[in-house]
file work-v1.pdb (PDB, C-alpha atoms)
ATOM      1  CA  MET A   1      -2.267  14.687 -11.739
ATOM      2  CA  LEU A   2      -3.801  14.574  -8.264
ATOM      3  CA  LYS A   3      -2.574  17.588  -6.322
ATOM      4  CA  ILE A   4      -2.970  18.101  -2.584
ATOM      5  CA  ASP A   5      -1.871  21.653  -1.818
ATOM      6  CA  HIS A   6      -1.198  22.680   1.808
ATOM      7  CA  VAL A   7      -4.225  20.770   3.067
ATOM      8  CA  THR A   8      -5.142  20.849   6.746
ATOM      9  CA  LYS A   9      -8.164  19.216   8.362
ATOM     10  CA  ARG A  10      -9.247  20.072  11.897
ATOM     11  CA  PHE A  11     -12.050  18.590  13.963
ATOM     12  CA  GLY A  12     -12.517  21.170  16.686
ATOM     13  CA  SER A  13      -9.175  21.481  18.471
ATOM     14  CA  PHE A  14      -7.845  18.234  16.951
ATOM     15  CA  THR A  15      -5.747  18.426  13.777
ATOM     16  CA  ALA A  16      -6.119  15.204  11.780
ATOM     17  CA  VAL A  17      -4.059  16.342   8.770
ATOM     18  CA  ASN A  18      -1.518  19.142   9.010
ATOM     19  CA  ASP A  19      -0.323  21.155   5.987
ATOM     20  CA  LEU A  20      -0.079  18.181   3.621
ATOM     21  CA  THR A  21       1.266  18.854   0.129
ATOM     22  CA  LEU A  22       1.534  16.018  -2.396
ATOM     23  CA  GLU A  23       1.673  15.715  -6.164
ATOM     24  CA  ILE A  24       0.639  12.254  -7.296
ATOM     25  CA  PRO A  25       1.683  11.570 -10.899
ATOM     26  CA  ASP A  26      -0.727  10.198 -13.487
ATOM     27  CA  LYS A  27      -0.709   6.467 -14.246
ATOM     28  CA  GLN A  28       1.430   5.542 -11.244
ATOM     29  CA  MET A  29       0.952   3.933  -7.833
ATOM     30  CA  PHE A  30       1.420   6.047  -4.741
ATOM     31  CA  GLY A  31       1.595   4.674  -1.195
ATOM     32  CA  LEU A  32       0.181   6.729   1.673
ATOM     33  CA  LEU A  33       1.429   5.199   4.923
ATOM     34  CA  GLY A  34       1.178   5.764   8.641
ATOM     35  CA  ALA A  35       0.222   4.173  11.914
ATOM     36  CA  ASN A  36      -3.431   3.992  12.946
ATOM     37  CA  GLY A  37      -4.766   7.511  13.396
ATOM     38  CA  ALA A  38      -2.067   9.100  11.233
ATOM     39  CA  GLY A  39      -4.607  10.794   8.931
ATOM     40  CA  LYS A  40      -4.634   8.456   5.921
ATOM     41  CA  THR A  41      -8.386   7.845   5.761
ATOM     42  CA  THR A  42      -9.133  11.511   6.459
ATOM     43  CA  THR A  43      -6.895  12.410   3.520
ATOM     44  CA  PHE A  44      -8.702   9.925   1.289
ATOM     45  CA  ARG A  45     -12.062  11.366   2.263
ATOM     46  CA  MET A  46     -10.896  14.875   1.437
ATOM     47  CA  ILE A  47      -9.644  13.684  -1.960
ATOM     48  CA  LEU A  48     -13.084  12.177  -2.598
ATOM     49  CA  GLY A  49     -14.894  15.305  -1.477
ATOM     50  CA  LEU A  50     -16.562  13.491   1.414
ATOM     51  CA  LEU A  51     -14.852  15.906   3.804
ATOM     52  CA  ASN A  52     -14.017  19.536   3.188
ATOM     53  CA  ALA A  53     -10.485  20.651   3.968
ATOM     54  CA  THR A  54     -10.172  23.278   6.689
ATOM     55  CA  GLU A  55      -7.371  24.852   4.688
ATOM     56  CA  GLY A  56      -5.810  24.136   1.303
ATOM     57  CA  THR A  57      -7.103  22.576  -1.905
ATOM     58  CA  VAL A  58      -7.380  19.192  -3.597
ATOM     59  CA  THR A  59      -7.519  19.048  -7.406
ATOM     60  CA  TRP A  60      -7.622  16.302 -10.025
ATOM     61  CA  LYS A  61      -6.332  17.309 -13.468
ATOM     62  CA  GLY A  62      -6.391  20.902 -12.335
ATOM     63  CA  GLN A  63     -10.051  20.885 -11.291
ATOM     64  CA  PRO A  64     -11.632  20.691  -7.828
ATOM     65  CA  ILE A  65     -13.164  17.287  -7.151
ATOM     66  CA  ASN A  66     -16.949  17.431  -7.129
ATOM     67  CA  TYR A  67     -19.910  15.252  -8.040
ATOM     68  CA  GLY A  68     -19.457  16.168 -11.686
ATOM     69  CA  ILE A  69     -16.267  14.083 -11.940
ATOM     70  CA  THR A  70     -16.802  11.372  -9.325
ATOM     71  CA  ASN A  71     -17.667   8.828 -12.032
ATOM     72  CA  SER A  72     -13.993   8.894 -12.994
ATOM     73  CA  ILE A  73     -12.930   7.945  -9.431
ATOM     74  CA  GLY A  74     -13.053   4.565  -7.683
ATOM     75  CA  TYR A  75     -12.815   4.026  -3.925
ATOM     76  CA  LEU A  76     -12.259   0.900  -1.872
ATOM     77  CA  PRO A  77     -12.856   1.775   1.802
ATOM     78  CA  GLU A  78     -11.185  -0.132   4.610
ATOM     79  CA  GLU A  79     -14.595  -0.969   6.055
ATOM     80  CA  ARG A  80     -16.767  -3.134   3.810
ATOM     81  CA  GLY A  81     -19.883  -1.367   2.620
ATOM     82  CA  LEU A  82     -21.834  -4.050   0.771
ATOM     83  CA  TYR A  83     -25.501  -4.933   1.206
ATOM     84  CA  PRO A  84     -25.448  -8.356   2.913
ATOM     85  CA  LYS A  85     -28.930  -9.469   1.789
ATOM     86  CA  LEU A  86     -28.499  -8.549  -1.887
ATOM     87  CA  ASN A  87     -26.978 -11.029  -4.312
ATOM     88  CA  VAL A  88     -23.591 -10.276  -5.841
ATOM     89  CA  LYS A  89     -24.617  -9.663  -9.460
ATOM     90  CA  ASP A  90     -27.596  -7.420  -8.653
ATOM     91  CA  GLN A  91     -25.496  -5.428  -6.224
ATOM     92  CA  LEU A  92     -22.680  -4.896  -8.715
ATOM     93  CA  VAL A  93     -25.113  -3.875 -11.459
ATOM     94  CA  TYR A  94     -26.750  -1.370  -9.115
ATOM     95  CA  LEU A  95     -23.453   0.169  -8.051
ATOM     96  CA  GLY A  96     -22.220   0.236 -11.641
ATOM     97  CA  ARG A  97     -25.373   2.095 -12.723
ATOM     98  CA  LEU A  98     -24.727   4.652  -9.983
ATOM     99  CA  LYS A  99     -21.361   5.278 -11.662
ATOM    100  CA  GLY A 100     -22.978   5.952 -15.028
ATOM    101  CA  MET A 101     -22.707   2.486 -16.583
ATOM    102  CA  THR A 102     -25.427   0.882 -18.658
ATOM    103  CA  LYS A 103     -26.747  -2.427 -17.386
ATOM    104  CA  GLN A 104     -25.282  -4.207 -20.414
ATOM    105  CA  ASN A 105     -21.795  -2.775 -19.872
ATOM    106  CA  ALA A 106     -21.971  -3.483 -16.146
ATOM    107  CA  LEU A 107     -22.869  -7.138 -16.751
ATOM    108  CA  LYS A 108     -19.995  -7.482 -19.224
ATOM    109  CA  GLU A 109     -17.473  -6.077 -16.742
ATOM    110  CA  ILE A 110     -18.929  -8.123 -13.875
ATOM    111  CA  GLU A 111     -18.448 -11.343 -15.817
ATOM    112  CA  LYS A 112     -14.845 -10.419 -16.604
ATOM    113  CA  TRP A 113     -13.960  -9.605 -12.998
ATOM    114  CA  LEU A 114     -15.725 -12.612 -11.479
ATOM    115  CA  GLU A 115     -13.804 -14.864 -13.863
ATOM    116  CA  ARG A 116     -10.533 -13.124 -13.044
ATOM    117  CA  PHE A 117     -11.052 -13.691  -9.320
ATOM    118  CA  HIS A 118     -12.350 -17.272  -9.798
ATOM    119  CA  ILE A 119     -15.701 -16.538  -8.157
ATOM    120  CA  THR A 120     -18.212 -16.856 -11.014
ATOM    121  CA  GLU A 121     -20.208 -19.391  -8.979
ATOM    122  CA  TYR A 122     -21.040 -16.698  -6.418
ATOM    123  CA  ALA A 123     -22.799 -14.322  -8.844
ATOM    124  CA  ASP A 124     -26.275 -15.246  -7.578
ATOM    125  CA  LYS A 125     -25.366 -15.703  -3.920
ATOM    126  CA  LYS A 126     -26.072 -13.171  -1.202
ATOM    127  CA  VAL A 127     -23.020 -11.288   0.020
ATOM    128  CA  GLU A 128     -23.531 -12.546   3.571
ATOM    129  CA  GLU A 129     -23.064 -16.115   2.295
ATOM    130  CA  LEU A 130     -19.534 -15.385   1.093
ATOM    131  CA  SER A 131     -16.298 -15.695   3.048
ATOM    132  CA  LYS A 132     -14.603 -12.498   4.211
ATOM    133  CA  GLY A 133     -11.966 -12.889   1.519
ATOM    134  CA  ASN A 134     -14.544 -13.239  -1.258
ATOM    135  CA  GLN A 135     -16.492 -10.296   0.129
ATOM    136  CA  GLN A 136     -13.289  -8.274  -0.148
ATOM    137  CA  LYS A 137     -12.976  -9.302  -3.814
ATOM    138  CA  ILE A 138     -16.547  -8.139  -4.483
ATOM    139  CA  GLN A 139     -15.818  -4.875  -2.664
ATOM    140  CA  PHE A 140     -12.780  -4.392  -4.896
ATOM    141  CA  ILE A 141     -14.851  -5.024  -8.031
ATOM    142  CA  THR A 142     -17.305  -2.297  -6.996
ATOM    143  CA  ALA A 143     -14.386   0.153  -6.955
ATOM    144  CA  VAL A 144     -13.059  -0.699 -10.427
ATOM    145  CA  LEU A 145     -16.131  -1.863 -12.374
ATOM    146  CA  HIS A 146     -16.599   1.521 -14.086
ATOM    147  CA  LYS A 147     -12.924   1.752 -15.158
ATOM    148  CA  PRO A 148     -11.925   4.747 -13.033
ATOM    149  CA  GLU A 149      -9.071   7.049 -13.997
ATOM    150  CA  LEU A 150      -8.206   7.578 -10.314
ATOM    151  CA  LEU A 151      -8.452   4.690  -7.848
ATOM    152  CA  ILE A 152      -8.124   5.023  -4.075
ATOM    153  CA  LEU A 153      -7.548   1.808  -2.121
ATOM    154  CA  ASP A 154      -7.638   1.864   1.689
ATOM    155  CA  GLU A 155      -6.054  -1.372   3.006
ATOM    156  CA  PRO A 156      -7.014  -3.387  -0.119
ATOM    157  CA  PHE A 157      -5.342  -6.624   1.006
ATOM    158  CA  SER A 158      -6.999  -6.792   4.420
ATOM    159  CA  GLY A 159      -8.560 -10.187   5.160
ATOM    160  CA  LEU A 160      -7.032 -11.956   2.149
ATOM    161  CA  ASP A 161      -4.927 -15.125   2.234
ATOM    162  CA  PRO A 162      -1.593 -15.130   0.344
ATOM    163  CA  VAL A 163      -3.064 -16.637  -2.846
ATOM    164  CA  ASN A 164      -5.799 -14.003  -3.051
ATOM    165  CA  VAL A 165      -3.342 -11.231  -2.173
ATOM    166  CA  GLU A 166      -1.403 -12.174  -5.307
ATOM    167  CA  LEU A 167      -4.611 -12.174  -7.378
ATOM    168  CA  LEU A 168      -5.476  -8.696  -6.170
ATOM    169  CA  LYS A 169      -1.934  -7.381  -6.632
ATOM    170  CA  ASP A 170      -1.937  -8.617 -10.228
ATOM    171  CA  ALA A 171      -5.254  -6.843 -10.798
ATOM    172  CA  VAL A 172      -3.920  -3.592  -9.332
ATOM    173  CA  ILE A 173      -0.795  -3.770 -11.511
ATOM    174  CA  SER A 174      -2.936  -4.385 -14.615
ATOM    175  CA  LEU A 175      -5.076  -1.349 -13.829
ATOM    176  CA  LYS A 176      -1.970   0.808 -13.458
ATOM    177  CA  ASP A 177      -0.552  -0.532 -16.730
ATOM    178  CA  ASP A 178      -3.845   0.383 -18.420
ATOM    179  CA  GLY A 179      -3.483   3.981 -17.268
ATOM    180  CA  THR A 180      -5.227   4.195 -13.889
ATOM    181  CA  SER A 181      -3.646   6.440 -11.248
ATOM    182  CA  ILE A 182      -3.693   4.572  -7.929
ATOM    183  CA  VAL A 183      -3.288   5.773  -4.354
ATOM    184  CA  PHE A 184      -3.360   3.182  -1.617
ATOM    185  CA  SER A 185      -2.564   2.587   2.018
ATOM    186  CA  SER A 186      -1.411  -0.608   3.646
ATOM    187  CA  HIS A 187       0.140  -1.725   6.908
ATOM    188  CA  ARG A 188       2.082  -4.326   4.922
ATOM    189  CA  MET A 189       5.227  -2.467   3.974
ATOM    190  CA  GLU A 190       6.369  -5.188   1.574
ATOM    191  CA  HIS A 191       3.248  -4.659  -0.562
ATOM    192  CA  VAL A 192       3.913  -0.936  -0.831
ATOM    193  CA  GLU A 193       7.585  -1.548  -1.547
ATOM    194  CA  GLU A 194       6.715  -3.969  -4.333
ATOM    195  CA  LEU A 195       4.032  -1.849  -5.994
ATOM    196  CA  CYS A 196       4.714   1.863  -5.465
ATOM    197  CA  GLU A 197       7.075   4.284  -7.145
ATOM    198  CA  HIS A 198       6.262   7.118  -4.720
ATOM    199  CA  VAL A 199       5.376   7.085  -1.011
ATOM    200  CA  CYS A 200       4.463   9.420   1.802
ATOM    201  CA  ILE A 201       4.614   8.470   5.491
ATOM    202  CA  LEU A 202       2.343  10.416   7.830
ATOM    203  CA  GLN A 203       2.816  10.818  11.556
ATOM    204  CA  ARG A 204      -0.034  12.511  13.402
ATOM    205  CA  GLY A 205      -1.238  14.017  10.153
ATOM    206  CA  THR A 206       2.141  15.465   9.166
ATOM    207  CA  PRO A 207       4.369  14.032   6.401
ATOM    208  CA  VAL A 208       7.704  12.837   7.811
ATOM    209  CA  VAL A 209       8.939  11.083   4.650
ATOM    210  CA  GLN A 210       7.855  11.608   1.057
ATOM    211  CA  GLY A 211       9.229  11.226  -2.450
ATOM    212  CA  LYS A 212      10.397   8.539  -4.833
ATOM    213  CA  LEU A 213      10.881   5.271  -2.972
ATOM    214  CA  LYS A 214      14.296   4.565  -4.521
ATOM    215  CA  GLU A 215      15.599   7.975  -3.512
ATOM    216  CA  ILE A 216      14.177   7.671   0.002
ATOM    217  CA  LYS A 217      15.941   4.348   0.521
ATOM    218  CA  ARG A 218      19.248   5.610  -0.828
ATOM    219  CA  SER A 219      19.171   8.734   1.317
ATOM    220  CA  PHE A 220      18.393   6.827   4.526
ATOM    221  CA  GLY A 221      22.084   6.122   4.973
ATOM    222  CA  ARG A 222      21.846   2.879   6.866
ATOM    223  CA  LYS A 223      22.221  -0.463   5.126
ATOM    224  CA  ASN A 224      21.157  -4.014   5.885
ATOM    225  CA  VAL A 225      23.594  -6.909   5.963
ATOM    226  CA  THR A 226      22.461 -10.532   5.926
ATOM    227  CA  ILE A 227      25.009 -13.202   6.856
ATOM    228  CA  HIS A 228      24.376 -16.941   6.689
ATOM    229  CA  ALA A 229      27.048 -19.107   8.283
ATOM    230  CA  ASP A 230      27.404 -22.416  10.094
ATOM    231  CA  GLY A 231      29.494 -21.068  12.957
ATOM    232  CA  ASP A 232      29.016 -18.594  15.792
ATOM    233  CA  LEU A 233      28.875 -14.991  14.567
ATOM    234  CA  SER A 234      28.662 -13.248  17.936
ATOM    235  CA  PHE A 235      32.266 -11.984  17.589
ATOM    236  CA  LEU A 236      30.976  -9.490  14.991
ATOM    237  CA  LYS A 237      29.334  -7.532  17.791
ATOM    238  CA  GLU A 238      32.788  -6.094  18.487
ATOM    239  CA  ALA A 239      32.533  -4.043  15.279
ATOM    240  CA  ASP A 240      31.553  -0.392  15.517
ATOM    241  CA  GLY A 241      28.600   0.932  13.546
ATOM    242  CA  ILE A 242      26.083  -1.867  14.092
ATOM    243  CA  VAL A 243      22.694  -0.260  14.738
ATOM    244  CA  LYS A 244      20.545  -3.384  15.061
ATOM    245  CA  TRP A 245      21.309  -7.080  15.459
ATOM    246  CA  ARG A 246      18.788  -9.816  14.801
ATOM    247  CA  ASP A 247      19.558 -13.521  15.059
ATOM    248  CA  HIS A 248      17.772 -16.003  12.847
ATOM    249  CA  SER A 249      18.038 -19.713  12.119
ATOM    250  CA  GLU A 250      20.719 -19.382   9.433
ATOM    251  CA  GLY A 251      22.810 -16.551  10.818
ATOM    252  CA  VAL A 252      22.186 -12.871  11.503
ATOM    253  CA  ARG A 253      20.552  -9.843   9.915
ATOM    254  CA  LEU A 254      22.154  -6.527  10.800
ATOM    255  CA  GLN A 255      21.465  -2.876  10.223
ATOM    256  CA  VAL A 256      24.675  -0.889   9.906
ATOM    257  CA  GLU A 257      25.433   2.818   9.716
ATOM    258  CA  ASN A 258      26.980   2.727   6.235
ATOM    259  CA  GLU A 259      28.707   0.574   3.627
ATOM    260  CA  GLU A 260      32.106   0.994   5.297
ATOM    261  CA  VAL A 261      30.829  -0.947   8.320
ATOM    262  CA  SER A 262      29.790  -3.802   6.049
ATOM    263  CA  GLN A 263      33.320  -3.916   4.627
ATOM    264  CA  GLU A 264      34.739  -4.194   8.157
ATOM    265  CA  LEU A 265      32.344  -7.061   8.902
ATOM    266  CA  PHE A 266      33.400  -8.835   5.714
ATOM    267  CA  THR A 267      37.054  -8.497   6.708
ATOM    268  CA  MET A 268      36.359  -9.843  10.206
ATOM    269  CA  LEU A 269      34.760 -12.961   8.693
ATOM    270  CA  GLN A 270      37.889 -13.977   6.798
ATOM    271  CA  GLY A 271      39.337 -17.240   8.128
ATOM    272  CA  ARG A 272      36.351 -17.797  10.462
ATOM    273  CA  GLY A 273      34.775 -20.696   8.614
ATOM    274  CA  PHE A 274      32.440 -21.200   5.679
ATOM    275  CA  ILE A 275      30.159 -18.259   4.876
ATOM    276  CA  ARG A 276      27.189 -19.234   2.707
ATOM    277  CA  LYS A 277      25.787 -15.752   2.233
ATOM    278  CA  PHE A 278      26.948 -12.194   2.720
ATOM    279  CA  GLU A 279      24.485  -9.688   1.269
ATOM    280  CA  LEU A 280      24.420  -5.897   1.487
ATOM    281  CA  GLU A 281      21.038  -4.300   0.797
ATOM    282  CA  GLU A 282      19.307  -0.949   0.868
ATOM    283  CA  PRO A 283      17.092  -0.497   3.947
ATOM    284  CA  SER A 284      13.563  -1.842   3.605
ATOM    285  CA  LEU A 285      10.536   0.412   3.759
ATOM    286  CA  HIS A 286       9.731  -1.366   7.024
ATOM    287  CA  ASP A 287      13.070  -0.186   8.463
ATOM    288  CA  ILE A 288      12.408   3.392   7.401
ATOM    289  CA  PHE A 289       8.842   3.337   8.715
ATOM    290  CA  VAL A 290       9.939   2.049  12.124
ATOM    291  CA  GLU A 291      12.710   4.628  12.330
ATOM    292  CA  LYS A 292      10.518   7.573  11.371
ATOM    293  CA  VAL A 293       7.244   6.642  13.057
ATOM    294  CA  GLY A 294       8.370   4.472  15.955
ATOM    295  CA  ALA A 295       5.668   1.879  15.205
ATOM    296  CA  ARG A 296       6.302  -1.761  14.454
ATOM    297  CA  TYR A 297       4.479  -4.111  12.119
ATOM    298  CA  GLU A 298       5.425  -7.737  11.732
TER     299      GLU A 298
END

call {"tool": "encode", "arguments": {"input": "work-v1.pdb", "output": "structure tokens"}}
result
Amino acid sequence: MLKIDHVTKRFGSFTAVNDLTLEIPDKQMFGLLGANGAGKTTTFRMILGLLNATEGTVTWKGQPINYGITNSIGYLPEERGLYPKLNVKDQLVYLGRLKGMTKQNALKEIEKWLERFHITEYADKKVEELSKGNQQKIQFITAVLHKPELLILDEPFSGLDPVNVELLKDAVISLKDDGTSIVFSSHRMEHVEELCEHVCILQRGTPVVQGKLKEIKRSFGRKNVTIHADGDLSFLKEADGIVKWRDHSEGVRLQVENEEVSQELFTMLQGRGFIRKFELEEPSLHDIFVEKVGARYE
């Protein structure tokens, strides 16, 4: 288990992370979320031992993280850190050797990952000759080549088109299924919602939401209602308890205070024409993030 115990990080008078306590279970995916400047990357760097906490402790399997155990940890930074003039294979071998791999084992893993990401033809090309998306794939491979037990991913899907996002998501899920504990951040709430069992949302370095995602959504109280209809639905605005109203091409998407409001809406629709869809859902992670942080991501 990765344990962050009452960790605070100050830079002079500025507090980047404030009294953060998290327990991240083994062999699961954990989402660390927040707007820009919320303290996510600072937290990652303290987990890795790149920054010392001002207060509190960070432990992995009950032990402080130090250079003696870093070979069991993988890290994908948000900023790419590859050598642009070095070819892909040589660079991956070099970085694998730094993580304790033999050259033979590194080459075997490199071949497997290049095939998985459909980029075997780039093995002998310089990194600077690759597209941004393919550079991101190579950066990801550097983080997982040595089969880490703990993997930290900072915005792993940045710069990828939808097809390559799916490739990377499948790889992340496979790693988790094979026993890797994964902590990652993303501004794409739908990715976190799809992949993570546990989440923590930071605001100015302080956790404002944390726990199991299912429990967080159930405890939020508000619900979403999607209605698709051919006629005008504006009369529904007369109902009490509607928090948000959003028109779209097929009808409306509403956020309501509770399930009772949705029942009132359903009753109001009776005899008002053909309704093709009426769906009540738990709030999305996007809804919760916007409510708690006040930021908006499309």

call {"tool": "resolve_selection", "arguments": {"input": "work-v1.pdb", "expression": "the PyMOL selection byres ((chain A and resi 107-110) around 8)", "output": "list in words"}}
result
Lys89, Leu92, Val93, Lys103, Gln104, Asn105, Ala106, Glu111, Lys112, Trp113, Leu114, Ile141 and Leu145 of chain A

call {"tool": "resolve_selection", "arguments": {"input": "work-v1.pdb", "expression": "the PyMOL selection byres ((chain A and resi 65-67) around 12)", "output": "mmCIF file with C-alpha atoms, in the frame of the given file"}}
result
data_model
loop_
_atom_site.group_PDB
_atom_site.id
_atom_site.type_symbol
_atom_site.label_atom_id
_atom_site.label_comp_id
_atom_site.auth_asym_id
_atom_site.auth_seq_id
_atom_site.Cartn_x
_atom_site.Cartn_y
_atom_site.Cartn_z
ATOM 1 C CA LEU A 2 -3.801 14.574 -8.264
ATOM 2 C CA LYS A 3 -2.574 17.588 -6.322
ATOM 3 C CA ILE A 4 -2.970 18.101 -2.584
ATOM 4 C CA ARG A 45 -12.062 11.366 2.263
ATOM 5 C CA MET A 46 -10.896 14.875 1.437
ATOM 6 C CA ILE A 47 -9.644 13.684 -1.960
ATOM 7 C CA LEU A 48 -13.084 12.177 -2.598
ATOM 8 C CA GLY A 49 -14.894 15.305 -1.477
ATOM 9 C CA LEU A 50 -16.562 13.491 1.414
ATOM 10 C CA LEU A 51 -14.852 15.906 3.804
ATOM 11 C CA ASN A 52 -14.017 19.536 3.188
ATOM 12 C CA ALA A 53 -10.485 20.651 3.968
ATOM 13 C CA THR A 57 -7.103 22.576 -1.905
ATOM 14 C CA VAL A 58 -7.380 19.192 -3.597
ATOM 15 C CA THR A 59 -7.519 19.048 -7.406
ATOM 16 C CA TRP A 60 -7.622 16.302 -10.025
ATOM 17 C CA LYS A 61 -6.332 17.309 -13.468
ATOM 18 C CA GLY A 62 -6.391 20.902 -12.335
ATOM 19 C CA GLN A 63 -10.051 20.885 -11.291
ATOM 20 C CA PRO A 64 -11.632 20.691 -7.828
ATOM 21 C CA GLY A 68 -19.457 16.168 -11.686
ATOM 22 C CA ILE A 69 -16.267 14.083 -11.940
ATOM 23 C CA THR A 70 -16.802 11.372 -9.325
ATOM 24 C CA ASN A 71 -17.667 8.828 -12.032
ATOM 25 C CA SER A 72 -13.993 8.894 -12.994
ATOM 26 C CA ILE A 73 -12.930 7.945 -9.431
ATOM 27 C CA LEU A 98 -24.727 4.652 -9.983
ATOM 28 C CA LYS A 99 -21.361 5.278 -11.662
ATOM 29 C CA LEU A 150 -8.206 7.578 -10.314
#

call {"tool": "resolve_selection", "arguments": {"input": "work-v1.pdb", "expression": "the PyMOL selection byres ((chain A and resi 15) around 12)", "output": "list in words"}}
result
Val7, Thr8, Lys9, Arg10, Phe11, Gly12, Ser13, Phe14, Ala16, Val17, Asn18, Asp19, Leu20, Gly37, Ala38, Gly39, Thr42, Thr43, Ala53, Thr54, Glu55, Gln203, Arg204, Gly205 and Thr206 of chain A

call {"tool": "residues_around", "arguments": {"input": "work-v1.pdb", "residues": "range 240-249 of chain A", "least_positions_apart": "4", "cutoff": "9 Å", "atoms": "only C-alpha atoms", "output": "NGL selection string"}}
result
:A and (222 or 228 or 253-258 or 260-262 or 264)

call {"tool": "atom_distance", "arguments": {"input": "work-v1.pdb", "atom1": "CA of Tyr122 in chain A", "atom2": "CA of Gln91 in chain A"}}
result
12.1 Å

call {"tool": "closest_residue", "arguments": {"input": "work-v1.pdb", "among": "A:Met1, A:Pro283, A:Ala143, A:Pro25", "to": "Lys212 in chain A", "atoms": "all atoms listed in the file"}}
result
A:Pro25

call {"tool": "build_atoms", "arguments": {"input": "work-v1.pdb", "residues": "range 188-193 of chain A", "atoms": "all heavy atoms", "output": "PDB file, in the coordinates of the input"}}
result
ATOM      1  N   ARG A 188       1.089  -3.360   5.375  1.00  0.00           N
ATOM      2  CA  ARG A 188       2.082  -4.326   4.922  1.00  0.00           C
ATOM      3  C   ARG A 188       3.097  -3.599   4.048  1.00  0.00           C
ATOM      4  O   ARG A 188       2.862  -3.343   2.872  1.00  0.00           O
ATOM      5  CB  ARG A 188       1.408  -5.458   4.156  1.00  0.00           C
ATOM      6  CG  ARG A 188       0.400  -6.254   4.988  1.00  0.00           C
ATOM      7  CD  ARG A 188       1.069  -6.984   6.152  1.00  0.00           C
ATOM      8  NE  ARG A 188       2.069  -7.933   5.705  1.00  0.00           N
ATOM      9  CZ  ARG A 188       1.791  -9.198   5.402  1.00  0.00           C
ATOM     10  NH1 ARG A 188       0.550  -9.659   5.533  1.00  0.00           N
ATOM     11  NH2 ARG A 188       2.740 -10.029   5.003  1.00  0.00           N
ATOM     12  N   MET A 189       4.233  -3.270   4.664  1.00  0.00           N
ATOM     13  CA  MET A 189       5.227  -2.467   3.974  1.00  0.00           C
ATOM     14  C   MET A 189       5.751  -3.155   2.712  1.00  0.00           C
ATOM     15  O   MET A 189       6.087  -2.504   1.724  1.00  0.00           O
ATOM     16  CB  MET A 189       6.396  -2.157   4.912  1.00  0.00           C
ATOM     17  CG  MET A 189       6.033  -1.323   6.125  1.00  0.00           C
ATOM     18  SD  MET A 189       5.438   0.322   5.709  1.00  0.00           S
ATOM     19  CE  MET A 189       3.756   0.217   6.315  1.00  0.00           C
ATOM     20  N   GLU A 190       5.830  -4.487   2.736  1.00  0.00           N
ATOM     21  CA  GLU A 190       6.369  -5.188   1.574  1.00  0.00           C
ATOM     22  C   GLU A 190       5.477  -5.022   0.351  1.00  0.00           C
ATOM     23  O   GLU A 190       5.952  -5.018  -0.787  1.00  0.00           O
ATOM     24  CB  GLU A 190       6.596  -6.673   1.888  1.00  0.00           C
ATOM     25  CG  GLU A 190       5.344  -7.520   2.051  1.00  0.00           C
ATOM     26  CD  GLU A 190       4.795  -7.504   3.472  1.00  0.00           C
ATOM     27  OE1 GLU A 190       5.137  -6.588   4.248  1.00  0.00           O
ATOM     28  OE2 GLU A 190       4.010  -8.423   3.795  1.00  0.00           O
ATOM     29  N   HIS A 191       4.153  -4.876   0.571  1.00  0.00           N
ATOM     30  CA  HIS A 191       3.248  -4.659  -0.562  1.00  0.00           C
ATOM     31  C   HIS A 191       3.497  -3.287  -1.183  1.00  0.00           C
ATOM     32  O   HIS A 191       3.542  -3.148  -2.406  1.00  0.00           O
ATOM     33  CB  HIS A 191       1.792  -4.764  -0.102  1.00  0.00           C
ATOM     34  CG  HIS A 191       1.411  -6.133   0.356  1.00  0.00           C
ATOM     35  ND1 HIS A 191       0.332  -6.381   1.171  1.00  0.00           N
ATOM     36  CD2 HIS A 191       1.969  -7.344   0.107  1.00  0.00           C
ATOM     37  CE1 HIS A 191       0.240  -7.668   1.408  1.00  0.00           C
ATOM     38  NE2 HIS A 191       1.218  -8.274   0.770  1.00  0.00           N
ATOM     39  N   VAL A 192       3.652  -2.288  -0.338  1.00  0.00           N
ATOM     40  CA  VAL A 192       3.913  -0.936  -0.831  1.00  0.00           C
ATOM     41  C   VAL A 192       5.253  -0.904  -1.558  1.00  0.00           C
ATOM     42  O   VAL A 192       5.396  -0.307  -2.632  1.00  0.00           O
ATOM     43  CB  VAL A 192       3.892   0.070   0.327  1.00  0.00           C
ATOM     44  CG1 VAL A 192       4.197   1.472  -0.175  1.00  0.00           C
ATOM     45  CG2 VAL A 192       2.541   0.047   1.038  1.00  0.00           C
ATOM     46  N   GLU A 193       6.243  -1.540  -0.962  1.00  0.00           N
ATOM     47  CA  GLU A 193       7.585  -1.548  -1.547  1.00  0.00           C
ATOM     48  C   GLU A 193       7.584  -2.209  -2.922  1.00  0.00           C
ATOM     49  O   GLU A 193       8.302  -1.787  -3.832  1.00  0.00           O
ATOM     50  CB  GLU A 193       8.534  -2.291  -0.600  1.00  0.00           C
ATOM     51  CG  GLU A 193       9.986  -2.029  -0.845  1.00  0.00           C
ATOM     52  CD  GLU A 193      10.832  -2.416   0.352  1.00  0.00           C
ATOM     53  OE1 GLU A 193      10.308  -3.035   1.303  1.00  0.00           O
ATOM     54  OE2 GLU A 193      12.024  -2.089   0.337  1.00  0.00           O
TER      55      GLU A 193
END
